[in-house]
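Below is one structure; the comments refer to it alone.
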Amino acid sequence: MLDERRIVRVPETAPPILTVAIDTEEEFDWDADFDRASTGVSAIHDIWRIQEVFDSYGIVPTYICDYPIASQDDSVAVLRQFADDGRAVIGSHLHTWVSPPFDEPVNATNSYQGRLPADLERRKMTVLTETITERFGRSPTVHKAGRYGFGPNTGTILADLGYEVDLSPTPGFDLSADGGPDYSRFGTDAYWFGPGHAMLGLPTTGGYVGFLGGQGSWLHGWATSGWRRSAKLPGILSRLGALSRQRLSAEGFTAADNKALTMALVERGVRVLSYSLHSPSLKVGCTPYVRSEADRVRFIDECRAYFDYFFETLGGVTMSSLDLKQYLQTHGISES
């Protein structure tokens with residue numbers, strides 16, 4: 001279905017547009033095997049730290065919620081208040097291993113929703129969607145596949161359940177080693193897809209920077225294959241300033257990295273960017289990016305520094321994912 005997408009071309013005279021999406025999920029050990037018993041959501045009590053940052057810039061983030069978040073009172077109470085105040089959008093995020101019905105073995109391949117049998121993916125998405133609707137008092141219309149695992153049946157399922165926007169792809173990354181999709185040659189532009197091309201696809205912004213960044217897709221694939229990978233050629237290219245693969249996020253990247261990526265993409269004509277992070281990164285000790293209080297301070301400071309650049313230096317604007325869809329439709333920005 002994504003092979004039939006129609007690329008959105010926002011005029012280069014338009015200001016860059018920033019959306020923000022938070023993978024809002026349970027805490028678990030990112031280095032351990034997937035575990036259905038890991039369903040704690042205590043990190044949600046630190047989410048106010050980043051919501052205050054969003055509020056100060058007029059950003060309306062999309063909290064894409066998985067089943068543990070959507071089904072527990074503590075997390076629902078916090079996020080529902082944001083949504084009720086018009087400060088956030090609530091979407092869905094399918095972590096298959098903690099989302100009922102539990103009819104599949106827990107393993108890496110099955111962690112990608114698009115690798116599940118179509119009927120099971122549909123049932124899990126239906127339960128998640130209905131749970132969010134009941135607990136938040138609104139039907140989710142924005143989705144992001146857990147682990148970026150959009151599959152051959154995902155688009156049809158989303159359309160049937162009334163979704164309008166999908167945030168799943170992560171350009172520049174190949175997840176096929178353990179069963180996921182290959183986005184290594186996937187562009188970062190927004191696109192229309194699905195039945196009647198009525199849904200908006202908005203990739204998690206990522207790409208290549210450096211003086212060879214324009215050839216990033218094939219060059220990175222070449223550098224990471226065969227003996228070149230074991231020779232650590234990707235790292236050499238990065239240190240030389242030739243090619244570096246990045247994602248628009250404070251997770252593993254600095255504000256300087258994000259600025260370089262943004263400049264490279266804007267120069268190539270990209271006008272819609274999506275900034276992302278995970279909700280557990282706001283609690284010390286839950287992700288590799290925030291292991292101490294000092295890490296957390298730096299993490300939030302990196303977010304602020306990038307937003308300062310985007311809005312003040314670059315002259316960008318911000319929209320929620322749903323407002324962006326409406327904007328593109330209203331202005332007749334449909335396809336290339």
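Scheme for the structure tokens: letters A, B, ... for chains in order shown; per-chain residue numbers from 1; ligand numbers from 1 in order shown.
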- request: Please identify all polymer residues within 7 Å of range 14-28 of chain A, counting only C-alpha atoms, omitting same-chain residues fewer than 4 positions from it, and present them as a PyMOL selection string.
  value: chain A and resi 10+38-41+61-66+68-69+271-280+286+315-321
query: Residues of range 37-148 of chain A in helix (DSSP H, G or I) according to DSSP, as an NGL selection string?
result: :A and (42-46 or 48-57 or 67-71 or 73-84 or 96-98 or 109-111 or 113-115 or 118-136 or 146-148)
message: Set the distance at 12 Å and use only C-alpha atoms: which residues neighbour Tyr309 in chain A once local chain neighbours fewer than 5 positions away are removed? I'd like the list as a ChimeraX atom specification.
response: /A:16,18,57,255-260,262-263,302-304,314-317
Can I get the selected residues back with N, CA and C atoms, as a compact mmCIF listing (two decimals), in the first residue's frame?
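Final file, selection05.txt:
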# COMPACT_ATOMS: atom_id res chain seq x y z
N PRO A 16 8.89 26.12 6.92
CA PRO A 16 8.93 24.74 7.40
C PRO A 16 7.88 24.52 8.49
N LEU A 18 6.59 22.00 11.63
CA LEU A 18 7.04 20.98 12.58
C LEU A 18 5.86 20.36 13.30
N TYR A 57 6.17 26.79 23.47
CA TYR A 57 6.38 27.06 22.04
C TYR A 57 5.09 26.96 21.23
N ALA A 255 21.04 18.95 19.70
CA ALA A 255 20.37 20.01 18.95
C ALA A 255 21.18 20.37 17.71
N ALA A 256 22.51 20.34 17.82
CA ALA A 256 23.35 20.62 16.65
C ALA A 256 23.13 19.58 15.56
N ASP A 257 23.01 18.31 15.95
CA ASP A 257 22.69 17.26 14.97
C ASP A 257 21.36 17.55 14.29
N ASN A 258 20.37 17.89 15.11
CA ASN A 258 19.02 18.15 14.58
C ASN A 258 19.00 19.35 13.65
N LYS A 259 19.79 20.37 13.99
CA LYS A 259 19.87 21.55 13.11
C LYS A 259 20.48 21.17 11.77
N ALA A 260 21.56 20.38 11.80
CA ALA A 260 22.22 19.98 10.56
C ALA A 260 21.29 19.15 9.69
N THR A 262 17.98 19.22 9.75
CA THR A 262 16.92 20.11 9.27
C THR A 262 17.40 20.95 8.10
N MET A 263 18.59 21.53 8.24
CA MET A 263 19.12 22.36 7.15
C MET A 263 19.29 21.54 5.87
N GLU A 302 18.27 20.11 25.15
CA GLU A 302 18.47 19.85 23.72
C GLU A 302 17.18 20.07 22.95
N CYS A 303 16.05 19.67 23.54
CA CYS A 303 14.75 19.92 22.89
C CYS A 303 14.53 21.42 22.74
N ARG A 304 14.73 22.17 23.81
CA ARG A 304 14.53 23.62 23.76
C ARG A 304 15.46 24.28 22.74
N LEU A 314 14.95 29.73 11.95
CA LEU A 314 14.46 29.21 10.68
C LEU A 314 13.11 29.83 10.27
N GLY A 315 12.39 30.39 11.26
CA GLY A 315 11.09 30.97 10.95
C GLY A 315 10.01 29.94 10.69
N GLY A 316 10.15 28.75 11.31
CA GLY A 316 9.19 27.69 11.11
C GLY A 316 7.91 27.88 11.90
N VAL A 317 6.92 27.05 11.58
CA VAL A 317 5.64 27.07 12.29
C VAL A 317 5.36 25.65 12.77
- prompt: What lies within 9 Å of range 296-301 of chain A using only C-alpha atoms, ignoring chain neighbours under 5 positions off, as a ChimeraX atom specification?
  reply: /A:49-50,53,250-251,254-255,281-284,289-291,306
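DSSP on the backbone gives strand (DSSP E) for these parts of range 92-185 of chain A: A:Ser92, A:His93, A:Leu94, A:Val142, A:His143, A:Lys144, A:Ala145, A:Val165, A:Asp166.
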Just the selected residues (all heavy atoms), exported as an mmCIF file, in the first residue's frame, please.
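Saved to result.cif:
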data_model
loop_
_atom_site.group_PDB
_atom_site.id
_atom_site.type_symbol
_atom_site.label_atom_id
_atom_site.label_comp_id
_atom_site.auth_asym_id
_atom_site.auth_seq_id
_atom_site.Cartn_x
_atom_site.Cartn_y
_atom_site.Cartn_z
ATOM 1 N N SER A 92 -2.845 6.283 18.674
ATOM 2 C CA SER A 92 -2.620 4.891 19.083
ATOM 3 C C SER A 92 -1.254 4.402 18.630
ATOM 4 O O SER A 92 -0.720 4.839 17.603
ATOM 5 C CB SER A 92 -3.707 3.974 18.512
ATOM 6 O OG SER A 92 -3.577 3.845 17.109
ATOM 7 N N HIS A 93 -0.717 3.467 19.402
ATOM 8 C CA HIS A 93 0.637 2.942 19.199
ATOM 9 C C HIS A 93 0.597 1.479 19.611
ATOM 10 O O HIS A 93 0.441 1.170 20.801
ATOM 11 C CB HIS A 93 1.594 3.735 20.088
ATOM 12 C CG HIS A 93 3.044 3.446 19.866
ATOM 13 N ND1 HIS A 93 3.629 3.419 18.625
ATOM 14 C CD2 HIS A 93 4.054 3.198 20.765
ATOM 15 C CE1 HIS A 93 4.930 3.187 18.754
ATOM 16 N NE2 HIS A 93 5.201 3.035 20.034
ATOM 17 N N LEU A 94 0.714 0.565 18.658
ATOM 18 C CA LEU A 94 0.515 -0.848 18.961
ATOM 19 C C LEU A 94 1.823 -1.554 19.304
ATOM 20 O O LEU A 94 2.631 -1.846 18.424
ATOM 21 C CB LEU A 94 -0.158 -1.547 17.774
ATOM 22 C CG LEU A 94 -0.517 -3.020 18.001
ATOM 23 C CD1 LEU A 94 -1.483 -3.164 19.173
ATOM 24 C CD2 LEU A 94 -1.102 -3.635 16.739
ATOM 25 N N VAL A 142 -4.984 9.123 14.752
ATOM 26 C CA VAL A 142 -3.558 9.143 14.405
ATOM 27 C C VAL A 142 -2.935 7.858 14.937
ATOM 28 O O VAL A 142 -3.194 7.457 16.078
ATOM 29 C CB VAL A 142 -2.837 10.361 15.012
ATOM 30 C CG1 VAL A 142 -1.372 10.370 14.592
ATOM 31 C CG2 VAL A 142 -3.524 11.653 14.614
ATOM 32 N N HIS A 143 -2.116 7.219 14.138
ATOM 33 C CA HIS A 143 -1.514 5.939 14.532
ATOM 34 C C HIS A 143 -0.033 5.917 14.196
ATOM 35 O O HIS A 143 0.416 6.537 13.225
ATOM 36 C CB HIS A 143 -2.192 4.785 13.783
ATOM 37 C CG HIS A 143 -1.546 3.449 14.014
ATOM 38 N ND1 HIS A 143 -1.610 2.798 15.224
ATOM 39 C CD2 HIS A 143 -0.824 2.640 13.188
ATOM 40 C CE1 HIS A 143 -0.956 1.648 15.144
ATOM 41 N NE2 HIS A 143 -0.466 1.533 13.929
ATOM 42 N N LYS A 144 0.706 5.205 15.033
ATOM 43 C CA LYS A 144 2.101 4.888 14.722
ATOM 44 C C LYS A 144 2.350 3.450 15.132
ATOM 45 O O LYS A 144 2.112 3.066 16.281
ATOM 46 C CB LYS A 144 3.063 5.818 15.469
ATOM 47 C CG LYS A 144 4.538 5.558 15.158
ATOM 48 C CD LYS A 144 5.429 6.564 15.876
ATOM 49 C CE LYS A 144 6.896 6.374 15.553
ATOM 50 N NZ LYS A 144 7.731 7.361 16.280
ATOM 51 N N ALA A 145 2.792 2.644 14.200
ATOM 52 C CA ALA A 145 3.055 1.242 14.496
ATOM 53 C C ALA A 145 4.199 1.112 15.481
ATOM 54 O O ALA A 145 5.227 1.785 15.353
ATOM 55 C CB ALA A 145 3.393 0.487 13.208
ATOM 56 N N VAL A 165 -4.307 9.646 9.919
ATOM 57 C CA VAL A 165 -2.868 9.939 9.814
ATOM 58 C C VAL A 165 -2.077 8.752 10.345
ATOM 59 O O VAL A 165 -2.427 8.166 11.378
ATOM 60 C CB VAL A 165 -2.491 11.205 10.620
ATOM 61 C CG1 VAL A 165 -0.999 11.497 10.495
ATOM 62 C CG2 VAL A 165 -3.309 12.404 10.161
ATOM 63 N N ASP A 166 -0.996 8.401 9.642
ATOM 64 C CA ASP A 166 -0.076 7.370 10.119
ATOM 65 C C ASP A 166 1.330 7.943 10.207
ATOM 66 O O ASP A 166 1.777 8.663 9.303
ATOM 67 C CB ASP A 166 -0.067 6.160 9.185
ATOM 68 C CG ASP A 166 0.921 5.104 9.652
ATOM 69 O OD1 ASP A 166 0.623 4.430 10.648
ATOM 70 O OD2 ASP A 166 2.008 4.986 9.037
#
message: Between CA of Glu130 in chain A and CA of Gly151 in chain A, what is the distance in Å, rounded to a tenth?
response: 21.1 Å
task: Tell me, in Å to one decimal, how far CA of Val98 in chain A is from CA of Tyr67 in chain A.
output: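 Separating CA of Val98 in chain A from CA of Tyr67 in chain A is a distance of 6.8 Å.
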Report as a tab-separated table the residues of range 146-194 of chain A within 7 Å of range 112-118 of chain A, each with its shortest atom pair and distance in Å (one decimal), using only C-alpha atoms, ordered by chain and increasing residue number.
residue	atom	partner	partner_atom	distance
A:Gly146	CA	A:Tyr112	CA	6.6
A:Arg147	CA	A:Tyr112	CA	6.2
A:Gly149	CA	A:Tyr112	CA	4.4
A:Phe150	CA	A:Gly114	CA	5.0
A:Gly151	CA	A:Gly114	CA	3.5
A:Pro152	CA	A:Gly114	CA	6.4
A:Asn153	CA	A:Ala118	CA	6.1
A:Thr154	CA	A:Gly114	CA	6.2
A:Gly180	CA	A:Tyr112	CA	6.0
- prompt: From the list A:Gln81, A:Ser249, A:Ser75, A:Thr129, which residue is nearest Asp160 in chain A when using only C-alpha atoms?
  reply: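 Of A:Gln81, A:Ser249, A:Ser75, A:Thr129, the one nearest Asp160 in chain A, counting only C-alpha atoms, is A:Thr129.
One finds CA of Phe54 in chain A at 22.7 Å from CA of Gly201 in chain A.
Proximity of A:Met199, A:Leu120, A:Ala37, A:Leu161 to Ser139 in chain A, computed with only C-alpha atoms, is greatest for A:Leu161.
Compared by their closest atoms to Asp178 in chain A, and using only C-alpha atoms, the residues A:Asn107, A:Trp97, A:Ser71, A:Leu200 rank with A:Asn107 nearest.
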message: I'd like the neighbourhood of Phe186 in chain A as an NGL selection string, where a residue qualifies if any of its atoms comes within 10 Å (using only C-alpha atoms), though same-chain residues fewer than 6 positions away should be ignored.
response: :A and (2-3 or 169-174 or 203 or 206-207 or 217)
Take the residues that were just selected and, keeping all heavy atoms, output them as a PDB file, in the first residue's frame.
ATOM      1  N   LEU A   2       1.978   1.245   0.749  1.00  0.00           N
ATOM      2  CA  LEU A   2       2.849   2.413   0.762  1.00  0.00           C
ATOM      3  C   LEU A   2       3.576   2.585  -0.569  1.00  0.00           C
ATOM      4  O   LEU A   2       4.052   3.673  -0.872  1.00  0.00           O
ATOM      5  CB  LEU A   2       3.854   2.314   1.914  1.00  0.00           C
ATOM      6  CG  LEU A   2       3.251   2.390   3.324  1.00  0.00           C
ATOM      7  CD1 LEU A   2       4.356   2.453   4.368  1.00  0.00           C
ATOM      8  CD2 LEU A   2       2.311   3.557   3.481  1.00  0.00           C
ATOM      9  N   ASP A   3       3.645   1.515  -1.362  1.00  0.00           N
ATOM     10  CA  ASP A   3       4.255   1.631  -2.679  1.00  0.00           C
ATOM     11  C   ASP A   3       3.418   2.502  -3.612  1.00  0.00           C
ATOM     12  O   ASP A   3       3.920   2.987  -4.627  1.00  0.00           O
ATOM     13  CB  ASP A   3       4.441   0.247  -3.305  1.00  0.00           C
ATOM     14  CG  ASP A   3       5.501  -0.578  -2.587  1.00  0.00           C
ATOM     15  OD1 ASP A   3       6.355   0.028  -1.915  1.00  0.00           O
ATOM     16  OD2 ASP A   3       5.459  -1.818  -2.685  1.00  0.00           O
ATOM     17  N   PRO A 169       6.600   5.151   9.314  1.00  0.00           N
ATOM     18  CA  PRO A 169       7.909   4.962   8.672  1.00  0.00           C
ATOM     19  C   PRO A 169       9.042   5.743   9.344  1.00  0.00           C
ATOM     20  O   PRO A 169       8.837   6.836   9.866  1.00  0.00           O
ATOM     21  CB  PRO A 169       7.678   5.471   7.245  1.00  0.00           C
ATOM     22  CG  PRO A 169       6.213   5.303   7.026  1.00  0.00           C
ATOM     23  CD  PRO A 169       5.595   5.624   8.348  1.00  0.00           C
ATOM     24  N   THR A 170      10.231   5.162   9.290  1.00  0.00           N
ATOM     25  CA  THR A 170      11.424   5.827   9.816  1.00  0.00           C
ATOM     26  C   THR A 170      12.501   5.802   8.739  1.00  0.00           C
ATOM     27  O   THR A 170      13.295   4.850   8.642  1.00  0.00           O
ATOM     28  CB  THR A 170      11.917   5.170  11.127  1.00  0.00           C
ATOM     29  OG1 THR A 170      13.093   5.825  11.592  1.00  0.00           O
ATOM     30  CG2 THR A 170      12.158   3.681  10.981  1.00  0.00           C
ATOM     31  N   PRO A 171      12.518   6.803   7.859  1.00  0.00           N
ATOM     32  CA  PRO A 171      13.417   6.816   6.705  1.00  0.00           C
ATOM     33  C   PRO A 171      14.888   6.646   7.079  1.00  0.00           C
ATOM     34  O   PRO A 171      15.356   7.175   8.084  1.00  0.00           O
ATOM     35  CB  PRO A 171      13.173   8.200   6.094  1.00  0.00           C
ATOM     36  CG  PRO A 171      11.773   8.538   6.486  1.00  0.00           C
ATOM     37  CD  PRO A 171      11.631   7.982   7.875  1.00  0.00           C
ATOM     38  N   GLY A 172      15.569   5.875   6.242  1.00  0.00           N
ATOM     39  CA  GLY A 172      16.999   5.670   6.429  1.00  0.00           C
ATOM     40  C   GLY A 172      17.346   4.457   7.261  1.00  0.00           C
ATOM     41  O   GLY A 172      18.523   4.105   7.367  1.00  0.00           O
ATOM     42  N   PHE A 173      16.344   3.788   7.838  1.00  0.00           N
ATOM     43  CA  PHE A 173      16.614   2.669   8.736  1.00  0.00           C
ATOM     44  C   PHE A 173      16.056   1.366   8.162  1.00  0.00           C
ATOM     45  O   PHE A 173      14.904   1.303   7.730  1.00  0.00           O
ATOM     46  CB  PHE A 173      16.019   2.936  10.124  1.00  0.00           C
ATOM     47  CG  PHE A 173      16.745   4.012  10.883  1.00  0.00           C
ATOM     48  CD1 PHE A 173      16.487   5.347  10.624  1.00  0.00           C
ATOM     49  CD2 PHE A 173      17.704   3.697  11.831  1.00  0.00           C
ATOM     50  CE1 PHE A 173      17.157   6.355  11.305  1.00  0.00           C
ATOM     51  CE2 PHE A 173      18.387   4.702  12.522  1.00  0.00           C
ATOM     52  CZ  PHE A 173      18.108   6.029  12.255  1.00  0.00           C
ATOM     53  N   ASP A 174      16.865   0.338   8.182  1.00  0.00           N
ATOM     54  CA  ASP A 174      16.483  -0.989   7.722  1.00  0.00           C
ATOM     55  C   ASP A 174      16.288  -1.881   8.939  1.00  0.00           C
ATOM     56  O   ASP A 174      17.238  -2.183   9.668  1.00  0.00           O
ATOM     57  CB  ASP A 174      17.575  -1.556   6.807  1.00  0.00           C
ATOM     58  CG  ASP A 174      17.226  -2.941   6.276  1.00  0.00           C
ATOM     59  OD1 ASP A 174      16.150  -3.466   6.594  1.00  0.00           O
ATOM     60  OD2 ASP A 174      18.059  -3.497   5.524  1.00  0.00           O
ATOM     61  N   PRO A 203       6.225  10.448   7.875  1.00  0.00           N
ATOM     62  CA  PRO A 203       7.347   9.691   8.438  1.00  0.00           C
ATOM     63  C   PRO A 203       7.995  10.404   9.621  1.00  0.00           C
ATOM     64  O   PRO A 203       8.004  11.639   9.694  1.00  0.00           O
ATOM     65  CB  PRO A 203       8.333   9.605   7.271  1.00  0.00           C
ATOM     66  CG  PRO A 203       7.520   9.849   6.043  1.00  0.00           C
ATOM     67  CD  PRO A 203       6.445  10.812   6.476  1.00  0.00           C
ATOM     68  N   GLY A 206      13.928  11.631   9.362  1.00  0.00           N
ATOM     69  CA  GLY A 206      15.292  11.132   9.443  1.00  0.00           C
ATOM     70  C   GLY A 206      15.947  11.297   8.095  1.00  0.00           C
ATOM     71  O   GLY A 206      15.279  11.563   7.091  1.00  0.00           O
ATOM     72  N   GLY A 207      17.231  11.156   8.059  1.00  0.00           N
ATOM     73  CA  GLY A 207      17.922  11.301   6.781  1.00  0.00           C
ATOM     74  C   GLY A 207      19.417  11.354   6.967  1.00  0.00           C
ATOM     75  O   GLY A 207      19.955  10.999   8.023  1.00  0.00           O
ATOM     76  N   SER A 217      21.065   7.264   0.691  1.00  0.00           N
ATOM     77  CA  SER A 217      20.378   5.975   0.714  1.00  0.00           C
ATOM     78  C   SER A 217      21.254   4.849   0.182  1.00  0.00           C
ATOM     79  O   SER A 217      21.488   3.844   0.865  1.00  0.00           O
ATOM     80  CB  SER A 217      19.086   6.055  -0.101  1.00  0.00           C
ATOM     81  OG  SER A 217      18.163   6.912   0.508  1.00  0.00           O
TER      82      SER A 217
END
query: Pick the closest to Arg5 in chain A from A:Asp189, A:Asp46, A:Glu104, A:Glu164: which is it, counting only C-alpha atoms?
result: A:Asp189
